[in-house]
$ cat entry32.txt   # compact mmCIF, N, CA and C atoms
# COMPACT_ATOMS: atom_id res chain seq x y z
N MET A 1 88.02 81.97 107.63
CA MET A 1 88.93 83.07 107.88
C MET A 1 88.72 84.13 106.80
N SER A 2 88.54 85.37 107.19
CA SER A 2 88.28 86.44 106.25
C SER A 2 89.57 86.88 105.54
N LYS A 3 89.41 87.70 104.51
CA LYS A 3 90.57 88.20 103.77
C LYS A 3 91.47 89.04 104.67
N ARG A 4 90.85 89.85 105.54
CA ARG A 4 91.63 90.68 106.46
C ARG A 4 92.45 89.83 107.41
N GLU A 5 91.84 88.79 107.93
CA GLU A 5 92.57 87.91 108.85
C GLU A 5 93.74 87.22 108.15
N LYS A 6 93.51 86.78 106.92
CA LYS A 6 94.58 86.14 106.15
C LYS A 6 95.71 87.13 105.87
N LEU A 7 95.35 88.36 105.54
CA LEU A 7 96.34 89.39 105.26
C LEU A 7 97.16 89.70 106.51
N LEU A 8 96.50 89.86 107.63
CA LEU A 8 97.22 90.12 108.89
C LEU A 8 98.11 88.96 109.27
N GLN A 9 97.64 87.76 109.07
CA GLN A 9 98.44 86.58 109.38
C GLN A 9 99.70 86.54 108.50
N ARG A 10 99.55 86.88 107.23
CA ARG A 10 100.70 86.90 106.34
C ARG A 10 101.69 88.00 106.74
N PHE A 11 101.17 89.16 107.17
CA PHE A 11 102.03 90.25 107.65
C PHE A 11 102.85 89.80 108.86
N ARG A 12 102.22 89.08 109.76
CA ARG A 12 102.90 88.62 110.97
C ARG A 12 103.98 87.58 110.66
N HIS A 13 103.70 86.70 109.72
CA HIS A 13 104.63 85.63 109.41
C HIS A 13 105.80 86.08 108.55
N ASN A 14 105.60 87.08 107.71
CA ASN A 14 106.68 87.53 106.84
C ASN A 14 106.55 89.03 106.56
N PRO A 15 107.00 89.87 107.50
CA PRO A 15 106.86 91.32 107.33
C PRO A 15 107.76 91.90 106.24
N LYS A 16 108.67 91.10 105.69
CA LYS A 16 109.57 91.60 104.66
C LYS A 16 108.92 91.67 103.28
N THR A 17 107.79 91.00 103.11
CA THR A 17 107.17 90.95 101.78
C THR A 17 105.79 91.62 101.76
N VAL A 18 105.68 92.76 102.42
CA VAL A 18 104.41 93.48 102.48
C VAL A 18 104.50 94.69 101.55
N ARG A 19 103.55 94.79 100.66
CA ARG A 19 103.51 95.90 99.71
C ARG A 19 102.72 97.07 100.29
N PHE A 20 103.04 98.26 99.81
CA PHE A 20 102.36 99.47 100.27
C PHE A 20 100.86 99.38 100.02
N ASP A 21 100.48 98.88 98.86
CA ASP A 21 99.05 98.78 98.52
C ASP A 21 98.29 97.90 99.50
N GLU A 22 98.92 96.84 99.98
CA GLU A 22 98.27 95.94 100.94
C GLU A 22 98.03 96.64 102.27
N ILE A 23 99.01 97.40 102.73
CA ILE A 23 98.86 98.17 103.97
C ILE A 23 97.76 99.21 103.79
N ASP A 24 97.76 99.88 102.65
CA ASP A 24 96.77 100.91 102.37
C ASP A 24 95.35 100.34 102.42
N ILE A 25 95.13 99.23 101.76
CA ILE A 25 93.81 98.59 101.74
C ILE A 25 93.38 98.17 103.15
N LEU A 26 94.27 97.53 103.88
CA LEU A 26 93.94 97.06 105.22
C LEU A 26 93.56 98.21 106.15
N LEU A 27 94.39 99.25 106.20
CA LEU A 27 94.13 100.35 107.11
C LEU A 27 92.85 101.10 106.76
N ARG A 28 92.59 101.28 105.49
CA ARG A 28 91.34 101.96 105.09
C ARG A 28 90.12 101.11 105.45
N GLN A 29 90.20 99.80 105.30
CA GLN A 29 89.09 98.93 105.66
C GLN A 29 88.82 98.97 107.17
N LEU A 30 89.86 99.20 107.94
CA LEU A 30 89.71 99.24 109.39
C LEU A 30 89.28 100.62 109.90
N GLY A 31 89.08 101.58 109.01
CA GLY A 31 88.57 102.87 109.42
C GLY A 31 89.58 103.99 109.51
N PHE A 32 90.82 103.77 109.10
CA PHE A 32 91.84 104.81 109.12
C PHE A 32 91.61 105.75 107.94
N GLU A 33 91.90 107.04 108.16
CA GLU A 33 91.80 108.03 107.09
C GLU A 33 93.21 108.29 106.57
N LYS A 34 93.33 108.37 105.24
CA LYS A 34 94.63 108.53 104.60
C LYS A 34 94.85 109.97 104.17
N ARG A 35 96.08 110.44 104.39
CA ARG A 35 96.52 111.74 103.93
C ARG A 35 97.88 111.52 103.26
N GLN A 36 98.03 111.89 102.02
CA GLN A 36 99.27 111.65 101.28
C GLN A 36 99.99 112.96 101.06
N SER A 37 101.26 112.99 101.42
CA SER A 37 102.07 114.18 101.14
C SER A 37 103.44 113.71 100.67
N GLY A 38 103.67 113.87 99.38
CA GLY A 38 104.95 113.44 98.83
C GLY A 38 105.08 111.93 98.83
N SER A 39 106.18 111.45 99.39
CA SER A 39 106.46 110.02 99.37
C SER A 39 105.98 109.30 100.62
N HIS A 40 105.26 110.00 101.50
CA HIS A 40 104.77 109.39 102.73
C HIS A 40 103.24 109.47 102.79
N ALA A 41 102.66 108.42 103.33
CA ALA A 41 101.22 108.41 103.58
C ALA A 41 101.01 108.40 105.09
N THR A 42 100.09 109.20 105.56
CA THR A 42 99.79 109.27 106.99
C THR A 42 98.36 108.80 107.20
N TYR A 43 98.19 107.86 108.11
CA TYR A 43 96.88 107.30 108.42
C TYR A 43 96.52 107.69 109.85
N THR A 44 95.29 108.16 110.04
CA THR A 44 94.84 108.54 111.37
C THR A 44 93.56 107.81 111.72
N PHE A 45 93.47 107.44 113.00
CA PHE A 45 92.27 106.81 113.54
C PHE A 45 92.22 107.17 115.01
N LYS A 46 91.24 107.98 115.38
CA LYS A 46 91.13 108.53 116.74
C LYS A 46 92.44 109.24 117.07
N GLN A 47 93.16 108.82 118.10
CA GLN A 47 94.40 109.50 118.47
C GLN A 47 95.63 108.80 117.89
N HIS A 48 95.45 107.74 117.13
CA HIS A 48 96.57 106.98 116.58
C HIS A 48 96.99 107.54 115.23
N LEU A 49 98.30 107.62 115.02
CA LEU A 49 98.88 108.17 113.81
C LEU A 49 99.93 107.20 113.28
N ILE A 50 99.80 106.83 112.02
CA ILE A 50 100.75 105.92 111.39
C ILE A 50 101.27 106.60 110.13
N THR A 51 102.60 106.68 110.00
CA THR A 51 103.22 107.23 108.81
C THR A 51 103.98 106.12 108.11
N VAL A 52 103.69 105.94 106.82
CA VAL A 52 104.31 104.88 106.05
C VAL A 52 104.92 105.49 104.79
N PRO A 53 106.25 105.34 104.61
CA PRO A 53 106.86 105.85 103.38
C PRO A 53 106.56 104.91 102.21
N PHE A 54 106.29 105.49 101.05
CA PHE A 54 106.03 104.69 99.86
C PHE A 54 107.37 104.16 99.37
N ARG A 55 107.46 102.85 99.21
CA ARG A 55 108.70 102.22 98.79
C ARG A 55 108.36 101.01 97.95
N LYS A 56 109.06 100.83 96.82
CA LYS A 56 108.82 99.68 95.96
C LYS A 56 109.97 98.71 96.08
N PRO A 57 109.80 97.44 95.97
CA PRO A 57 108.53 96.76 95.86
C PRO A 57 107.87 96.54 97.23
N TYR A 58 108.66 96.55 98.31
CA TYR A 58 108.12 96.26 99.64
C TYR A 58 108.48 97.39 100.60
N ILE A 59 107.59 97.62 101.58
CA ILE A 59 107.93 98.59 102.62
C ILE A 59 108.82 97.90 103.65
N LEU A 60 109.52 98.68 104.44
CA LEU A 60 110.45 98.10 105.42
C LEU A 60 109.69 97.37 106.53
N PRO A 61 110.25 96.25 107.00
CA PRO A 61 109.58 95.45 108.05
C PRO A 61 109.32 96.23 109.34
N VAL A 62 110.13 97.22 109.65
CA VAL A 62 109.93 97.98 110.88
C VAL A 62 108.59 98.70 110.86
N TYR A 63 108.15 99.17 109.69
CA TYR A 63 106.86 99.84 109.59
C TYR A 63 105.71 98.85 109.72
N VAL A 64 105.89 97.66 109.16
CA VAL A 64 104.86 96.62 109.26
C VAL A 64 104.69 96.22 110.72
N LYS A 65 105.79 96.03 111.43
CA LYS A 65 105.72 95.64 112.84
C LYS A 65 105.06 96.74 113.68
N GLY A 66 105.36 98.00 113.37
CA GLY A 66 104.74 99.11 114.09
C GLY A 66 103.24 99.16 113.86
N ILE A 67 102.82 98.92 112.63
CA ILE A 67 101.40 98.91 112.30
C ILE A 67 100.70 97.78 113.04
N LEU A 68 101.31 96.61 113.08
CA LEU A 68 100.73 95.47 113.78
C LEU A 68 100.60 95.75 115.28
N GLU A 69 101.58 96.43 115.86
CA GLU A 69 101.52 96.78 117.28
C GLU A 69 100.34 97.72 117.55
N ILE A 70 100.17 98.70 116.68
CA ILE A 70 99.06 99.65 116.86
C ILE A 70 97.72 98.94 116.72
N LEU A 71 97.61 98.06 115.72
CA LEU A 71 96.36 97.32 115.53
C LEU A 71 96.06 96.41 116.71
N ASP A 72 97.10 95.81 117.28
CA ASP A 72 96.92 94.97 118.47
C ASP A 72 96.47 95.81 119.66
N ALA A 73 97.04 97.01 119.80
CA ALA A 73 96.67 97.90 120.90
C ALA A 73 95.22 98.37 120.76
N LEU A 74 94.81 98.58 119.53
CA LEU A 74 93.43 99.01 119.28
C LEU A 74 92.44 97.88 119.45
N GLU A 75 92.94 96.66 119.34
CA GLU A 75 92.07 95.49 119.31
C GLU A 75 91.02 95.70 118.23
N ALA A 76 91.52 96.08 117.06
CA ALA A 76 90.66 96.40 115.92
C ALA A 76 89.83 95.20 115.52
N PRO A 77 88.57 95.40 115.22
CA PRO A 77 87.73 94.29 114.75
C PRO A 77 88.20 93.83 113.39
N ILE A 78 88.55 92.57 113.30
CA ILE A 78 89.10 92.04 112.06
C ILE A 78 88.03 91.28 111.27
N ALA A 79 87.04 90.76 111.95
CA ALA A 79 86.02 89.98 111.28
C ALA A 79 85.20 90.87 110.35
N ASP A 80 84.75 90.29 109.27
CA ASP A 80 83.92 91.05 108.31
C ASP A 80 82.61 91.43 109.00
N GLU A 81 82.17 92.63 108.70
CA GLU A 81 80.94 93.12 109.31
C GLU A 81 79.77 92.89 108.40
$ encode --input "entry32.txt" --output "structure tokens"
Amino acid sequence: MSKREKLLQRFRHNPKTVRFDEIDILLRQLGFEKRQSGSHATYTFKQHLITVPFRKPYILPVYVKGILEILDALEAPIADE
């Protein structure tokens, strides 16, 4: 199991303990482009747009669930290339 798969599995099992940095790393590895303005980061990939507010220590579970839904809809390749 790759690091990305483990990270996604952990996000699914406990969305309350996901840090902003973990989301940032995952989305960038999957090909999303980041744009930061103030306290929010916006990630774009094709027509998909994800906005995540920077929050310490953990981001809200609703944002994690939304990101997982988008990744499932994209059927993003998770395996290492």
$ closest_residue --input "entry32.txt" --among "A:Lys65, A:His13, A:Arg55, A:Arg4" --to "Arg28 in chain A" --atoms "only C-alpha atoms"
A:Arg4
$ atom_distance --input "entry32.txt" --atom1 "CA of Ile59 in chain A" --atom2 "CA of Ser2 in chain A"
23.4 Å
$ atom_distance --input "entry32.txt" --atom1 "CA of Glu75 in chain A" --atom2 "CA of Leu60 in chain A"
23.2 Å
$ closest_residue --input "entry32.txt" --among "A:Tyr58, A:Lys3, A:Arg19, A:Glu33" --to "Lys46 in chain A" --atoms "only N, CA and C atoms"
A:Glu33
$ atom_distance --input "entry32.txt" --atom1 "atom N of Arg35 in chain A" --atom2 "atom C of Met1 in chain A"
27.4 Å
